[in-house]
file start.tsv (TSV, C-alpha atoms)
chain	number	residue	atom	x	y	z
A	679	MET	CA	-8.82	-34.23	-20.33
A	680	SER	CA	-6.20	-31.55	-20.26
A	681	ASN	CA	-3.21	-32.14	-18.11
A	682	PRO	CA	-0.81	-29.43	-19.06
A	683	VAL	CA	2.51	-28.99	-17.35
A	684	ARG	CA	2.48	-25.41	-16.32
A	685	GLY	CA	5.87	-24.13	-17.20
A	686	GLY	CA	5.10	-21.80	-14.42
A	687	GLY	CA	6.05	-24.10	-11.56
A	688	GLY	CA	9.69	-23.15	-11.28
A	689	ASP	CA	9.17	-19.92	-13.18
A	690	ASP	CA	6.51	-18.76	-10.76
A	691	GLN	CA	8.72	-19.54	-7.80
A	692	ARG	CA	11.55	-17.66	-9.46
A	693	ASP	CA	9.25	-14.67	-9.88
A	694	LEU	CA	8.26	-14.81	-6.22
A	695	ASP	CA	11.91	-14.97	-5.19
A	696	LEU	CA	12.72	-11.96	-7.34
A	697	ILE	CA	9.79	-10.03	-5.91
A	698	ALA	CA	10.98	-10.79	-2.40
A	699	ARG	CA	14.48	-9.66	-3.31
A	700	TRP	CA	13.15	-6.44	-4.80
A	701	LYS	CA	11.11	-5.76	-1.68
A	702	ALA	CA	14.31	-6.20	0.28
A	703	GLY	CA	15.92	-3.49	-1.79
A	704	ASP	CA	17.64	-5.47	-4.54
A	705	GLU	CA	17.21	-3.36	-7.67
A	706	ARG	CA	18.72	-6.06	-9.88
A	707	ALA	CA	15.73	-8.23	-9.11
A	708	ALA	CA	13.51	-5.64	-10.77
A	709	THR	CA	15.71	-5.69	-13.84
A	710	GLU	CA	15.48	-9.45	-14.04
A	711	LEU	CA	11.70	-9.38	-13.68
A	712	VAL	CA	11.47	-6.90	-16.54
A	713	GLU	CA	13.78	-9.02	-18.68
A	714	ARG	CA	11.69	-12.11	-18.01
A	715	HIS	CA	8.31	-10.62	-18.90
A	716	SER	CA	8.71	-7.56	-21.08
A	717	ALA	CA	8.76	-9.48	-24.35
A	718	ALA	CA	5.55	-11.30	-23.51
A	719	LEU	CA	3.87	-8.04	-22.56
A	720	ALA	CA	5.01	-6.46	-25.81
A	721	ARG	CA	3.68	-9.45	-27.79
A	722	PHE	CA	0.35	-9.21	-26.04
A	723	ALA	CA	0.20	-5.49	-26.75
A	724	VAL	CA	0.94	-5.94	-30.44
A	725	SER	CA	-1.40	-8.92	-30.70
A	726	SER	CA	-4.13	-6.85	-29.12
A	727	GLY	CA	-3.74	-4.22	-31.80
A	728	GLU	CA	-1.37	-1.79	-30.14
A	729	ARG	CA	0.90	-0.42	-32.82
A	730	SER	CA	2.66	2.52	-31.27
A	731	ASP	CA	4.30	3.27	-27.97
A	732	VAL	CA	4.61	-0.38	-27.05
A	733	ASP	CA	7.63	0.44	-24.90
A	734	GLU	CA	5.61	3.01	-23.07
A	735	LEU	CA	2.75	0.60	-22.50
A	736	VAL	CA	5.10	-2.06	-21.15
A	737	GLN	CA	6.77	0.52	-18.97
A	738	ASP	CA	3.43	1.74	-17.61
A	739	THR	CA	2.46	-1.85	-16.89
A	740	PHE	CA	5.58	-2.53	-14.88
A	741	VAL	CA	5.38	0.79	-13.05
A	742	ARG	CA	1.81	0.11	-12.04
A	743	ALA	CA	2.67	-3.45	-11.09
A	744	PHE	CA	5.63	-2.49	-8.94
A	745	ASN	CA	3.68	0.28	-7.27
A	746	SER	CA	1.06	-2.22	-6.18
A	747	LEU	CA	3.34	-5.19	-5.71
A	748	ASP	CA	2.47	-5.34	-2.02
A	749	GLY	CA	-1.02	-6.29	-3.12
A	750	PHE	CA	0.17	-9.19	-5.26
A	751	ARG	CA	-0.69	-12.30	-3.29
A	752	GLY	CA	0.58	-14.89	-5.75
A	753	GLU	CA	-2.85	-16.38	-6.38
A	754	SER	CA	-2.09	-16.23	-10.09
A	755	SER	CA	1.28	-16.23	-11.76
A	756	PHE	CA	3.14	-12.96	-11.89
A	757	ARG	CA	2.95	-12.95	-15.69
A	758	THR	CA	-0.81	-13.44	-15.67
A	759	TRP	CA	-1.09	-10.59	-13.19
A	760	LEU	CA	0.99	-8.42	-15.51
A	761	PHE	CA	-1.27	-9.29	-18.43
A	762	THR	CA	-4.26	-8.23	-16.35
A	763	ILE	CA	-2.68	-4.87	-15.62
A	764	GLU	CA	-1.60	-4.36	-19.22
A	765	ARG	CA	-5.05	-5.21	-20.51
A	766	ARG	CA	-6.60	-2.59	-18.24
A	767	LEU	CA	-4.13	-0.03	-19.52
A	768	LEU	CA	-4.98	-1.04	-23.07
A	769	LEU	CA	-8.67	-0.59	-22.41
A	770	ASP	CA	-7.97	2.84	-20.91
A	771	ARG	CA	-6.01	3.78	-24.01
A	772	ARG	CA	-8.73	2.53	-26.29
A	773	ARG	CA	-11.34	4.52	-24.46
A	774	SER	CA	-9.34	7.72	-24.47
A	775	GLU	CA	-8.22	7.35	-28.08
A	776	LYS	CA	-11.27	5.67	-29.49
A	777	ARG	CA	-11.86	8.20	-32.20
A	778	ARG	CA	-8.26	8.15	-33.34
A	779	ARG	CA	-8.07	4.37	-33.20
A	780	ASP	CA	-11.22	4.02	-35.24
A	781	ARG	CA	-9.64	6.14	-37.94
A	782	THR	CA	-6.47	4.05	-37.78
A	783	GLU	CA	-8.36	0.77	-38.09
A	784	ILE	CA	-10.20	2.03	-41.14
A	785	GLN	CA	-6.95	2.99	-42.78
A	786	GLU	CA	-4.80	0.08	-41.68
A	787	GLY	CA	-5.87	-2.15	-44.51
A	788	ASP	CA	-4.77	0.36	-47.09
A	789	SER	CA	-1.90	2.35	-45.72
A	790	ALA	CA	1.50	1.23	-44.57
A	791	THR	CA	2.39	1.61	-40.90
A	792	GLU	CA	5.81	1.46	-39.31
A	793	TYR	CA	5.48	-2.28	-38.89
A	794	ASP	CA	3.95	-2.71	-42.32
A	795	ALA	CA	7.01	-1.17	-43.88
A	796	LEU	CA	9.26	-3.51	-41.97
A	797	ASP	CA	7.09	-6.51	-42.63
A	798	SER	CA	6.90	-5.80	-46.32
A	799	VAL	CA	10.57	-6.52	-46.50
A	800	VAL	CA	10.75	-9.65	-44.40
A	801	ALA	CA	7.33	-11.20	-44.34
A	802	ASP	CA	5.98	-13.50	-46.96
A	803	GLU	CA	2.44	-13.63	-48.22
A	804	THR	CA	1.41	-16.21	-45.64
A	805	GLN	CA	2.49	-14.04	-42.72
A	806	ARG	CA	0.73	-11.03	-44.15
A	807	ARG	CA	-2.48	-13.01	-44.48
A	808	LEU	CA	-2.10	-14.44	-41.00
A	809	ARG	CA	-1.71	-10.98	-39.57
A	810	ALA	CA	-4.77	-9.78	-41.43
A	811	ALA	CA	-6.73	-12.78	-40.16
A	812	VAL	CA	-5.82	-12.03	-36.53
A	813	GLU	CA	-6.54	-8.35	-36.91
A	814	ARG	CA	-10.06	-9.13	-38.00
A	815	LEU	CA	-10.88	-10.90	-34.78
A	816	SER	CA	-12.92	-9.12	-32.13
A	817	PRO	CA	-10.83	-7.51	-29.39
A	818	THR	CA	-11.69	-10.24	-26.88
A	819	GLN	CA	-11.08	-13.04	-29.39
A	820	ARG	CA	-7.77	-11.44	-30.30
A	821	GLU	CA	-6.69	-11.24	-26.66
A	822	VAL	CA	-7.66	-14.82	-25.91
A	823	PHE	CA	-6.12	-16.10	-29.11
A	824	ALA	CA	-2.85	-14.25	-28.50
A	825	LEU	CA	-2.57	-15.42	-24.89
A	826	ARG	CA	-3.30	-19.00	-25.91
A	827	VAL	CA	-1.17	-19.21	-29.05
A	828	ALA	CA	1.63	-16.73	-28.44
A	829	GLU	CA	2.03	-17.23	-24.68
A	830	GLY	CA	0.65	-20.69	-24.16
A	831	LEU	CA	-1.50	-19.73	-21.19
A	832	SER	CA	-4.12	-22.16	-19.96
A	833	TYR	CA	-7.78	-21.24	-20.19
A	834	LYS	CA	-7.78	-20.65	-16.46
A	835	GLU	CA	-4.93	-18.15	-16.74
A	836	ILE	CA	-6.55	-16.48	-19.72
A	837	ALA	CA	-9.80	-16.19	-17.81
A	838	GLU	CA	-7.95	-14.44	-14.97
A	839	ALA	CA	-6.14	-12.11	-17.34
A	840	VAL	CA	-9.14	-10.99	-19.35
A	841	GLY	CA	-11.70	-11.19	-16.57
A	842	THR	CA	-13.91	-14.01	-17.81
A	843	THR	CA	-14.55	-17.68	-17.15
A	844	GLU	CA	-12.57	-20.68	-18.34
A	845	GLY	CA	-15.49	-21.84	-20.44
A	846	ALA	CA	-15.88	-18.46	-22.08
A	847	ALA	CA	-12.15	-18.32	-22.76
A	848	ARG	CA	-12.30	-21.72	-24.46
A	849	VAL	CA	-15.25	-20.63	-26.61
A	850	HIS	CA	-13.46	-17.41	-27.58
A	851	TYR	CA	-10.38	-19.39	-28.57
A	852	HIS	CA	-12.21	-21.88	-30.75
A	853	ASN	CA	-14.28	-19.15	-32.39
A	854	ALA	CA	-11.08	-17.23	-33.09
A	855	MET	CA	-9.41	-20.30	-34.56
A	856	ARG	CA	-12.40	-20.97	-36.79
A	857	ALA	CA	-12.45	-17.34	-37.96
A	858	VAL	CA	-8.76	-17.43	-38.82
A	859	LYS	CA	-9.14	-20.65	-40.77
A	860	GLU	CA	-12.11	-19.26	-42.67
A	861	PHE	CA	-10.21	-16.11	-43.56
A	862	LEU	CA	-7.23	-18.11	-44.80
A	863	ASP	CA	-9.50	-20.36	-46.84
A	864	GLU	CA	-11.12	-17.43	-48.67
B	1049	MET	CA	-9.01	-26.24	-43.53
B	1050	ASN	CA	-11.27	-28.54	-41.49
B	1051	ASP	CA	-11.66	-28.92	-37.74
B	1052	CYS	CA	-10.81	-32.26	-36.16
B	1053	PRO	CA	-13.85	-33.65	-34.30
B	1054	ASN	CA	-11.65	-34.48	-31.30
B	1055	ALA	CA	-12.04	-31.22	-29.41
B	1056	ASP	CA	-10.01	-32.44	-26.44
B	1057	ILE	CA	-6.96	-33.05	-28.60
B	1058	ARG	CA	-7.42	-29.72	-30.36
B	1059	ASP	CA	-7.46	-28.02	-26.95
B	1060	GLN	CA	-4.01	-29.48	-26.26
B	1061	LEU	CA	-2.36	-28.27	-29.46
B	1062	PRO	CA	-1.23	-24.88	-28.07
B	1063	ASP	CA	0.15	-26.68	-25.01
B	1064	LEU	CA	1.98	-29.07	-27.32
B	1065	LEU	CA	3.39	-26.09	-29.19
B	1066	HIS	CA	4.70	-24.56	-25.95
B	1067	GLU	CA	5.81	-27.95	-24.60
B	1068	ARG	CA	3.59	-27.73	-21.56
B	1069	LEU	CA	2.24	-31.25	-21.61
B	1070	ASP	CA	3.44	-33.98	-19.32
B	1071	VAL	CA	5.06	-37.03	-20.89
B	1072	SER	CA	2.00	-39.26	-21.15
B	1073	MET	CA	-0.29	-36.53	-22.49
B	1074	ARG	CA	2.33	-35.38	-24.94
B	1075	ALA	CA	2.71	-38.92	-26.26
B	1076	ALA	CA	-1.05	-39.27	-26.69
B	1077	VAL	CA	-1.41	-35.94	-28.51
B	1078	MET	CA	1.59	-36.63	-30.72
B	1079	ALA	CA	0.16	-39.99	-31.66
B	1080	HIS	CA	-3.12	-38.35	-32.63
B	1081	VAL	CA	-1.42	-35.57	-34.59
B	1082	ASP	CA	0.67	-38.05	-36.53
B	1083	ALA	CA	-2.53	-39.78	-37.65
B	1084	CYS	CA	-4.75	-36.69	-38.12
B	1085	VAL	CA	-4.28	-34.40	-41.11
B	1086	ASP	CA	-6.54	-31.68	-39.69
B	1087	CYS	CA	-4.69	-31.53	-36.36
B	1088	ARG	CA	-1.37	-31.52	-38.17
B	1089	ALA	CA	-2.53	-28.58	-40.27
B	1090	GLU	CA	-3.89	-26.75	-37.21
B	1091	LEU	CA	-0.65	-27.29	-35.31
B	1092	GLU	CA	1.25	-25.89	-38.28
B	1093	LEU	CA	-1.11	-22.91	-38.35
B	1094	LEU	CA	-0.53	-22.30	-34.64
B	1095	ARG	CA	3.21	-22.40	-35.19
B	1096	SER	CA	2.94	-19.88	-38.03
B	1097	VAL	CA	0.73	-17.52	-36.01
B	1098	HIS	CA	3.14	-17.76	-33.09
B	1099	GLU	CA	6.09	-16.90	-35.32
B	1100	MET	CA	4.16	-14.05	-36.91
B	1101	LEU	CA	3.24	-12.55	-33.52
B	1102	VAL	CA	6.80	-12.89	-32.24
B	1103	SER	CA	8.32	-11.38	-35.38
B	1104	ARG	CA	5.99	-8.38	-35.23
B	1105	THR	CA	6.82	-7.57	-31.64
B	1106	PRO	CA	9.34	-4.77	-31.25
B	1107	ARG	CA	12.20	-5.27	-28.84
B	1108	VAL	CA	11.54	-3.60	-25.51
B	1109	ASP	CA	14.22	-1.31	-24.12
B	1110	ILE	CA	14.80	-2.89	-20.72
B	1111	ASN	CA	16.65	0.12	-19.32
B	1112	TYR	CA	13.83	2.43	-20.39
B	1113	VAL	CA	11.41	0.35	-18.36
B	1114	VAL	CA	13.67	-0.26	-15.38
B	1115	ASN	CA	14.58	3.41	-15.00
B	1116	ALA	CA	10.94	4.30	-14.51
B	1117	LEU	CA	10.35	1.74	-11.77
B	1118	PRO	CA	9.92	2.91	-8.17
B	1119	LYS	CA	13.02	2.56	-6.04
B	1120	ARG	CA	12.25	0.19	-3.26
B	1121	ALA	CA	15.43	0.94	-1.30
B	1122	ALA	CA	14.52	4.62	-1.05
B	1123	GLN	CA	11.51	3.99	1.16
B	1124	PRO	CA	13.33	3.27	4.44
B	1125	VAL	CA	15.43	6.38	3.92
B	1126	ARG	CA	12.26	8.43	3.67
B	1127	VAL	CA	11.03	7.02	6.96
B	1128	ALA	CA	14.23	7.80	8.82
B	1129	PRO	CA	13.87	11.61	9.06
B	1130	ARG	CA	10.41	11.22	10.50
B	1131	HIS	CA	11.81	8.94	13.15
B	1132	ARG	CA	14.63	11.37	13.91
B	1133	ALA	CA	12.18	14.26	14.18
B	1134	TRP	CA	10.16	12.26	16.65
B	1135	SER	CA	13.29	11.58	18.67
B	1136	ASP	CA	14.21	15.25	18.63
B	1137	TRP	CA	10.80	16.13	19.95
B	1138	ARG	CA	11.12	13.59	22.71
B	1139	ILE	CA	14.55	14.86	23.68
B	1140	ALA	CA	13.28	18.44	23.76
B	1141	ALA	CA	10.33	17.40	25.89
B	1142	ALA	CA	12.57	15.49	28.27
B	1143	VAL	CA	14.94	18.45	28.66
B	1144	THR	CA	11.99	20.75	29.32
B	1145	VAL	CA	10.55	18.42	31.93
B	1146	LEU	CA	13.93	18.07	33.63
B	1147	ALA	CA	14.48	21.82	33.61
B	1148	VAL	CA	11.05	22.62	35.02
B	1149	GLY	CA	11.17	19.78	37.50
B	1150	GLY	CA	14.66	20.62	38.65
B	1151	GLY	CA	13.80	24.29	39.01
B	1152	SER	CA	10.69	23.49	40.99
B	1153	PHE	CA	12.65	21.19	43.26
B	1154	ALA	CA	15.26	23.86	43.86
B	1155	LEU	CA	12.56	26.39	44.65
B	1156	LEU	CA	10.87	24.04	47.04
B	1157	ARG	CA	14.11	23.31	48.77
B	1158	HIS	CA	15.50	26.84	49.03
B	1159	GLY	CA	12.49	29.02	48.43
B	1160	ALA	CA	10.66	31.05	51.05
B	1161	THR	CA	7.16	29.68	50.69
B	1162	PRO	CA	7.43	26.59	52.95
B	1163	ALA	CA	9.55	28.44	55.46
B	1164	THR	CA	7.00	31.22	55.60
B	1165	ALA	CA	4.28	28.74	56.33
B	1166	ASP	CA	6.37	27.13	59.01
B	1167	SER	CA	7.28	30.41	60.57
B	1168	ALA	CA	3.66	31.51	60.56
B	1169	PHE	CA	2.70	28.39	62.39
B	1170	VAL	CA	5.58	28.76	64.77
B	1171	SER	CA	4.74	32.37	65.40
B	1172	THR	CA	1.26	31.29	66.30
B	1173	ILE	CA	2.38	28.98	69.06
B	1174	THR	CA	5.47	30.71	70.34
B	1175	PRO	CA	4.00	33.78	72.09
B	1176	SER	CA	2.77	31.66	74.94
B	1177	LEU	CA	6.20	30.14	75.16
B	1178	GLY	CA	7.51	33.55	76.07
B	1179	ASN	CA	9.37	32.68	79.22
B	1180	ASN	CA	10.37	29.31	78.04
B	1181	ALA	CA	11.66	30.76	74.89
B	1182	ALA	CA	13.72	33.14	76.92
B	1183	ASP	CA	15.05	30.20	78.81
B	1184	SER	CA	15.79	28.35	75.68
B	1185	SER	CA	17.64	31.29	74.28
B	1186	ALA	CA	19.93	31.06	77.30
B	1187	PRO	CA	22.94	28.84	77.17
B	1188	ARG	CA	21.56	25.51	76.33
B	1189	GLN	CA	21.38	22.86	78.88
B	1190	PRO	CA	21.74	19.25	78.15
B	1191	SER	CA	18.41	17.68	77.54
B	1192	ALA	CA	16.67	16.14	80.47
B	1193	ASN	CA	15.96	13.27	78.24
B	1194	PRO	CA	19.31	12.11	76.99
B	1195	ASN	CA	17.72	9.76	74.55
B	1196	PRO	CA	17.39	11.69	71.28
B	1197	SER	CA	15.14	9.08	69.77
B	1198	GLU	CA	12.42	10.03	72.23
B	1199	ALA	CA	12.67	13.61	71.18
B	1200	ARG	CA	12.58	12.48	67.58
B	1201	HIS	CA	9.44	10.54	68.44
B	1202	VAL	CA	7.89	13.70	69.75
B	1203	SER	CA	8.84	15.48	66.62
B	1204	GLN	CA	7.10	12.97	64.39
B	1205	PRO	CA	3.67	14.72	64.29
B	1206	ALA	CA	3.35	17.53	61.86
B	1207	PRO	CA	3.47	20.45	64.38
B	1208	ALA	CA	6.58	19.02	65.98
B	1209	ASN	CA	8.09	18.70	62.57
B	1210	THR	CA	7.24	22.27	61.93
B	1211	VAL	CA	9.02	23.27	65.08
B	1212	ALA	CA	11.98	21.20	64.09
B	1213	SER	CA	12.03	22.76	60.68
B	1214	ALA	CA	12.33	26.11	62.30
B	1215	ASP	CA	15.83	25.06	63.18
B	1216	ASP	CA	16.74	26.23	59.69
B	1217	GLN	CA	15.44	29.71	60.58
B	1218	PRO	CA	17.98	31.07	63.01
B	1219	GLY	CA	15.93	34.17	63.87
B	1220	LEU	CA	12.98	32.37	65.40
B	1221	ALA	CA	12.60	31.81	69.10
B	1222	THR	CA	11.97	28.12	68.54
B	1223	SER	CA	15.20	27.69	66.73
B	1224	ALA	CA	16.40	25.31	69.39
B	1225	ARG	CA	16.06	21.64	68.65
B	1226	LEU	CA	13.44	19.74	70.58
B	1227	ALA	CA	16.19	17.56	71.87
B	1228	ASP	CA	17.73	20.64	73.43
B	1229	LEU	CA	14.58	21.50	75.46
B	1230	ASN	CA	14.43	20.38	79.02
B	1231	GLU	CA	11.56	18.44	80.43
B	1232	ARG	CA	9.71	21.47	81.74
B	1233	GLU	CA	9.94	23.23	78.41
B	1234	LEU	CA	8.68	20.19	76.60
B	1235	LYS	CA	5.70	19.88	78.95
B	1236	ALA	CA	4.89	23.54	78.51
B	1237	LEU	CA	5.09	23.13	74.77
B	1238	LEU	CA	2.81	20.11	74.84
B	1239	ASN	CA	0.33	21.95	77.04
B	1240	GLU	CA	0.27	24.84	74.62
B	1241	ILE	CA	-0.27	22.46	71.77
B	1242	ASP	CA	-3.17	20.82	73.65
B	1243	GLN	CA	-4.78	24.22	74.13
B	1244	LEU	CA	-4.58	25.09	70.47
B	1245	GLN	CA	-7.92	25.43	68.79
B	1246	ALA	CA	-8.62	22.66	66.30
B	1247	VAL	CA	-10.02	25.18	63.86
B	1248	PRO	CA	-7.74	28.12	63.42
B	1249	ILE	CA	-9.24	31.58	63.67
B	1250	THR	CA	-9.94	33.14	60.34
B	1251	GLU	CA	-8.22	36.40	61.24
B	1252	PRO	CA	-4.59	35.75	62.08
B	1253	GLU	CA	-3.13	37.76	64.85
B	1254	PRO	CA	-0.58	40.27	63.76
B	1255	VAL	CA	2.96	39.20	64.38
B	1256	THR	CA	6.04	41.28	64.61
B	1257	ILE	CA	9.44	39.79	64.37
B	1258	ARG	CA	12.30	41.64	65.88
B	1259	VAL	CA	15.76	40.92	64.81
B	1260	ASN	CA	18.39	41.31	67.52
B	1261	SER	CA	21.98	40.31	66.86
B	1262	GLY	CA	21.10	37.57	64.52
B	1263	ARG	CA	18.20	36.25	66.56
B	1264	SER	CA	14.58	37.13	66.32
B	1265	SER	CA	11.78	36.77	68.78
B	1266	PRO	CA	8.17	36.97	67.73
B	1267	GLU	CA	5.98	39.13	69.83
B	1268	GLY	CA	2.24	39.45	69.64
B	1269	LEU	CA	0.86	42.99	69.58
call {"tool": "encode", "arguments": {"input": "start.tsv", "output": "C-alpha cells"}}
result
Amino acid sequence: MSNPVRGGGGDDQRDLDLIARWKAGDERAATELVERHSAALARFAVSSGERSDVDELVQDTFVRAFNSLDGFRGESSFRTWLFTIERRLLLDRRRSEKRRRDRTEIQEGDSATEYDALDSVVADETQRRLRAAVERLSPTQREVFALRVAEGLSYKEIAEAVGTTEGAARVHYHNAMRAVKEFLDE
Amino acid sequence: MNDCPNADIRDQLPDLLHERLDVSMRAAVMAHVDACVDCRAELELLRSVHEMLVSRTPRVDINYVVNALPKRAAQPVRVAPRHRAWSDWRIAAAVTVLAVGGGSFALLRHGATPATADSAFVSTITPSLGNNAADSSAPRQPSANPNPSEARHVSQPAPANTVASADDQPGLATSARLADLNERELKALLNEIDQLQAVPITEPEPVTIRVNSGRSSPEGL
C-alpha cells in the first residue's frame, strides 16, 4: 500500500525550530515561517474559491496561528495546522458573505474577474477548462482535491485539515478526479 | 479519459507528482505508469491541474503579513512594570513596618507608660519601707553582701526587677540599687514583699510624690 515519504520530516522539524526561535523573541523566525507557507495558503484559498483579499486571508490565518501558537503541540505538521485555521476562516467568510458569494458564483461563468482578465492573456484553452472543472466541484471536493494535487498532502493530513476521516478524504479525492475527467471529456 | 483499475497505484500518483515516494515505491509506480496509458494520462492531468492552481495564485506580500503578526519580544516588557509595581509596594510596606516598629520600640524604651507602671508598683510597696528608705537615702554604705551576683539573684523575680528598674527614676525612694541595700534593709524588704496581698485591692491607695532637691519620696495619705 501507500508508503509516501513525507517531505515533512525535515521540513516539520525546521518549522518547530522556527517556532521555538520565535517564542524566544526572534522576529526573523516569523518572517521565515510566513515565507515558507504563505504561497501554499494562498493556493489553498484560491483553489477553494477565494478570489479576492487572498493576502488578507493569509494574513488573518497567520495572525490567528501566531496568537495561538502556544497551543500548537506539533501533533500535525505546522502547514496542516495552518490549513485547518485557514479553512475555518474561509467557512466564516462564506457564512458571512453567503448572499454575495452566491451572486458571484452565478456570474462567474459569464463575467470576467480580475484573475479572468489575467488568465485570458496567458492561459490556454486547456487551463481555462481545467479551472472550470475544478470550480464545479463541491466545496469539500475542491478542498480535498486542492490539498492532494496542489500541496501533495496525504489523506491523513487532509483529514486533519478539513475535519474528516482518511477514508472520507480518499473518497472525496477520487470523486473529484472522476468529476474533473468527466467535465473535460464533455 | 478512463480510470485505471489499480486504485492503489492511482492513489500514489499525487505523491509521485510531489516526489514524496520512497525509492522502491517510486520505482514500482513509475514502472506501472510507463505501461499504463490511463495512469499516464491521469498523471499528466494532475500535473496540468497543479500548474493551473499555482499560476492562478497571486503572490502574497510577505511584509504585509509579517507586519500584522504579534510581537513575541514585547510580552516580557509588558510583564516588567507589573513586577516593578509589586516591588515598589513591598518596599513601601517594608518602610512602613520599619517606621512603625522603630517608633514603637523608641516609645517603649523612652516612654512613660512602663515607668509609670513600675513607679505605681514601687509606690505600693515603699510606704512601709519608710524608715529604711530614709536610711537608704543616707550616704550609702557598702553592701553587707559584697557579692553582687547574690543581689542580682534576688532581683531576678519580677517585683525585684521592678525595684531595680526604679533605678532609672531618680525621684523614687527605692532608687538605690538592691546591691546597695544592707542586710537589714533587704530583710525588711523581703518581709514586706511576703506580706503583700496576692490579689491587689481594687481601689488603689492615693499616692503623693514629693519632689525635694531632685529626689522624691512617696508618702501615703
call {"tool": "residues_around", "arguments": {"input": "start.tsv", "residues": "B:Arg1095", "least_positions_apart": "5", "cutoff": "9 Å", "atoms": "only C-alpha atoms", "output": "PyMOL selection string"}}
result
(chain A and resi 827-828) or (chain B and resi 1062+1065+1090+1100)
call {"tool": "write_last_selection", "arguments": {"input": "start.tsv", "atoms": "C-alpha atoms", "output": "PDB file, in the coordinates of the input"}}
result
ATOM      1  CA  VAL A 827      -1.170 -19.210 -29.050  1.00  0.00           C
ATOM      2  CA  ALA A 828       1.630 -16.730 -28.440  1.00  0.00           C
TER       3      ALA A 828
ATOM      4  CA  PRO B1062      -1.230 -24.880 -28.070  1.00  0.00           C
ATOM      5  CA  LEU B1065       3.390 -26.090 -29.190  1.00  0.00           C
ATOM      6  CA  GLU B1090      -3.890 -26.750 -37.210  1.00  0.00           C
ATOM      7  CA  MET B1100       4.160 -14.050 -36.910  1.00  0.00           C
TER       8      MET B1100
END
call {"tool": "atom_distance", "arguments": {"input": "start.tsv", "atom1": "atom CA of A:Ser816", "atom2": "atom CA of A:Val849"}}
result
13.0 Å
call {"tool": "residues_around", "arguments": {"input": "start.tsv", "residues": "A:Phe756", "least_positions_apart": "5", "cutoff": "8 Å", "atoms": "all atoms listed in the file", "output": "list in words"}}
result
Asp690, Asp693 and Leu694 of chain A
call {"tool": "write_last_selection", "arguments": {"input": "start.tsv", "atoms": "C-alpha atoms", "output": "PDB file, in the frame of the given file"}}
result
ATOM      1  CA  ASP A 690       6.510 -18.760 -10.760  1.00  0.00           C
ATOM      2  CA  ASP A 693       9.250 -14.670  -9.880  1.00  0.00           C
ATOM      3  CA  LEU A 694       8.260 -14.810  -6.220  1.00  0.00           C
TER       4      LEU A 694
END
call {"tool": "atom_distance", "arguments": {"input": "start.tsv", "atom1": "atom CA of B:Leu1156", "atom2": "atom CA of B:Val1143"}}
result
19.6 Å
call {"tool": "atom_distance", "arguments": {"input": "start.tsv", "atom1": "atom CA of B:Cys1052", "atom2": "atom CA of B:Asp1086"}}
result
5.6 Å
call {"tool": "closest_residue", "arguments": {"input": "start.tsv", "among": "A:Asn853, A:Ser754, A:Thr818, A:Ser774", "to": "A:Lys834", "atoms": "all atoms listed in the file"}}
result
A:Ser754
call {"tool": "residues_near_point", "arguments": {"input": "start.tsv", "point": "(-7.6, -10.4, -15.9)", "cutoff": "10 Å", "atoms": "all atoms listed in the file", "output": "JSON list (two decimals) with C-alpha atoms, in the frame of the given file"}}
result
[["chain", "number", "residue", "atom", "x", "y", "z"],
["A", 754, "SER", "CA", -2.09, -16.23, -10.09],
["A", 758, "THR", "CA", -0.81, -13.44, -15.67],
["A", 759, "TRP", "CA", -1.09, -10.59, -13.19],
["A", 760, "LEU", "CA", 0.99, -8.42, -15.51],
["A", 761, "PHE", "CA", -1.27, -9.29, -18.43],
["A", 762, "THR", "CA", -4.26, -8.23, -16.35],
["A", 763, "ILE", "CA", -2.68, -4.87, -15.62],
["A", 764, "GLU", "CA", -1.60, -4.36, -19.22],
["A", 765, "ARG", "CA", -5.05, -5.21, -20.51],
["A", 766, "ARG", "CA", -6.60, -2.59, -18.24],
["A", 835, "GLU", "CA", -4.93, -18.15, -16.74],
["A", 836, "ILE", "CA", -6.55, -16.48, -19.72],
["A", 837, "ALA", "CA", -9.80, -16.19, -17.81],
["A", 838, "GLU", "CA", -7.95, -14.44, -14.97],
["A", 839, "ALA", "CA", -6.14, -12.11, -17.34],
["A", 840, "VAL", "CA", -9.14, -10.99, -19.35],
["A", 841, "GLY", "CA", -11.70, -11.19, -16.57],
["A", 842, "THR", "CA", -13.91, -14.01, -17.81]]
